Amino acid sequence: MPNVGINLNEVVEKPRLPGGQPFTFHFKKSELGLSKNPNKKTGKQEGLISCIIQPLEADWNDRDVYHTFSLSPGALQSADAVISIKKFFTTVGFQWGPNGEFSNEDLYSIKFVGEIKYEEGNNFPRLAKVVQGVA
């Protein structure tokens, strides 16, 4: 059998993005879509915004954090800026249009301070807290 042409002794693992400390994030990607399953309360497939955010700090700006904002009525009414896009906009100081409208591309103009966390047994960082917007 042929050997794989990689020397595993030379591989250096990247440390995980630290949880529970503030980072300044920007949006790298933002796409509109629909949930896979119907909402239990409304019976409809609800809209969502799938995002990739990245820290701006030089030592960590090669890391991606995946986040989804649900556009379901329950999520929109939440008081948590991690869950509600409306509360997120209010927390970071983004002003939506006079008719209450916004574009998912508006997210690219937003920088914010937030924190991530890790679920037990999962190595993927999740947005845990939105602190404030950055001018």
# chains A, B, ... in the order shown; residues from 1 in each chain; ligands from 1
>>> residues_around(residues="stretch 61-66 of chain A", least_positions_apart="4", cutoff="9 Å", atoms="only C-alpha atoms", output="list in words")
Arg16, Leu17, Phe25, Lys28, Ser50, Cys51, Ile52, Ile53, Gln54, Pro55, Leu56, Glu57, Ile116, Phe124, Pro125, Arg126 and Leu127 of chain A
>>> select_by_dssp(residues="stretch 29-87 of chain A", states="strand (DSSP E or B)", output="PyMOL selection string")
chain A and resi 29-34+47-55+65-70
>>> atom_distance(atom1="atom CA of A:Phe23", atom2="atom CA of A:Gly133")
11.4 Å
>>> residues_around(residues="A:Ser72", least_positions_apart="5", cutoff="10 Å", atoms="only C-alpha atoms", output="PyMOL selection string")
chain A and resi 35+39+41-42+44-48+77+84
>>> atom_distance(atom1="atom CA of A:Ala81", atom2="atom CA of A:Lys129")
7.4 Å
>>> closest_residue(among="A:Thr68, A:Gln21, A:Asn3, A:Ser30", to="A:Tyr108", atoms="only C-alpha atoms")
A:Ser30
>>> residues_around(residues="A:Phe112", least_positions_apart="2", cutoff="8 Å", atoms="only C-alpha atoms", output="NGL selection string")
:A and (24-26 or 92 or 110 or 114 or 130-134)
>>> select_by_dssp(residues="stretch 1-128 of chain A", states="alpha helix (DSSP H)", output="VMD selection string")
chain A and resid 73 to 76 85 to 92
>>> write_last_selection(atoms="C-alpha atoms", output="mmCIF file, in the first residue's frame")
data_model
loop_
_atom_site.group_PDB
_atom_site.id
_atom_site.type_symbol
_atom_site.label_atom_id
_atom_site.label_comp_id
_atom_site.auth_asym_id
_atom_site.auth_seq_id
_atom_site.Cartn_x
_atom_site.Cartn_y
_atom_site.Cartn_z
ATOM 1 C CA PRO A 73 -42.764 35.706 14.521
ATOM 2 C CA GLY A 74 -41.433 34.146 17.741
ATOM 3 C CA ALA A 75 -37.797 34.881 16.900
ATOM 4 C CA LEU A 76 -38.556 38.432 15.794
ATOM 5 C CA ILE A 85 -32.741 40.460 13.982
ATOM 6 C CA LYS A 86 -34.790 43.456 15.176
ATOM 7 C CA LYS A 87 -33.164 43.384 18.622
ATOM 8 C CA PHE A 88 -29.777 42.823 16.935
ATOM 9 C CA PHE A 89 -30.254 45.965 14.809
ATOM 10 C CA THR A 90 -31.323 47.964 17.866
ATOM 11 C CA THR A 91 -28.338 46.747 19.908
ATOM 12 C CA VAL A 92 -25.761 47.541 17.199
#
>>> residues_around(residues="A:Asp106", least_positions_apart="3", cutoff="10 Å", atoms="only C-alpha atoms", output="list in words")
Phe27, Ser30, Phe94, Gln95, Trp96, Phe102, Ser103, Ser109 and Ile110 of chain A
>>> write_last_selection(atoms="N, CA and C atoms", output="mmCIF file, in the first residue's frame")
data_model
loop_
_atom_site.group_PDB
_atom_site.id
_atom_site.type_symbol
_atom_site.label_atom_id
_atom_site.label_comp_id
_atom_site.auth_asym_id
_atom_site.auth_seq_id
_atom_site.Cartn_x
_atom_site.Cartn_y
_atom_site.Cartn_z
ATOM 1 N N PHE A 27 -19.697 40.875 9.026
ATOM 2 C CA PHE A 27 -20.386 39.852 8.257
ATOM 3 C C PHE A 27 -19.601 39.554 6.989
ATOM 4 N N SER A 30 -24.012 36.621 3.875
ATOM 5 C CA SER A 30 -25.393 36.738 4.336
ATOM 6 C C SER A 30 -26.312 36.293 3.205
ATOM 7 N N PHE A 94 -28.152 49.947 14.180
ATOM 8 C CA PHE A 94 -28.502 50.004 12.751
ATOM 9 C C PHE A 94 -29.921 50.526 12.599
ATOM 10 N N GLN A 95 -30.101 51.482 11.704
ATOM 11 C CA GLN A 95 -31.436 52.052 11.466
ATOM 12 C C GLN A 95 -32.016 51.439 10.199
ATOM 13 N N TRP A 96 -33.106 50.666 10.350
ATOM 14 C CA TRP A 96 -33.759 50.089 9.184
ATOM 15 C C TRP A 96 -34.600 51.156 8.501
ATOM 16 N N PHE A 102 -35.453 46.192 5.436
ATOM 17 C CA PHE A 102 -34.000 46.164 5.356
ATOM 18 C C PHE A 102 -33.624 45.122 4.313
ATOM 19 N N SER A 103 -32.385 45.163 3.886
ATOM 20 C CA SER A 103 -31.845 44.179 2.954
ATOM 21 C C SER A 103 -30.856 43.306 3.718
ATOM 22 N N SER A 109 -22.570 46.119 6.229
ATOM 23 C CA SER A 109 -22.128 47.432 6.716
ATOM 24 C C SER A 109 -21.975 47.471 8.238
ATOM 25 N N ILE A 110 -22.322 46.368 8.911
ATOM 26 C CA ILE A 110 -22.358 46.362 10.377
ATOM 27 C C ILE A 110 -21.127 45.672 10.957
#
>>> atom_distance(atom1="atom CA of A:Pro22", atom2="atom CA of A:Glu115")
5.0 Å
>>> closest_residue(among="A:Lys40, A:His67, A:Lys111, A:Lys14", to="A:Val82", atoms="only C-alpha atoms")
A:His67
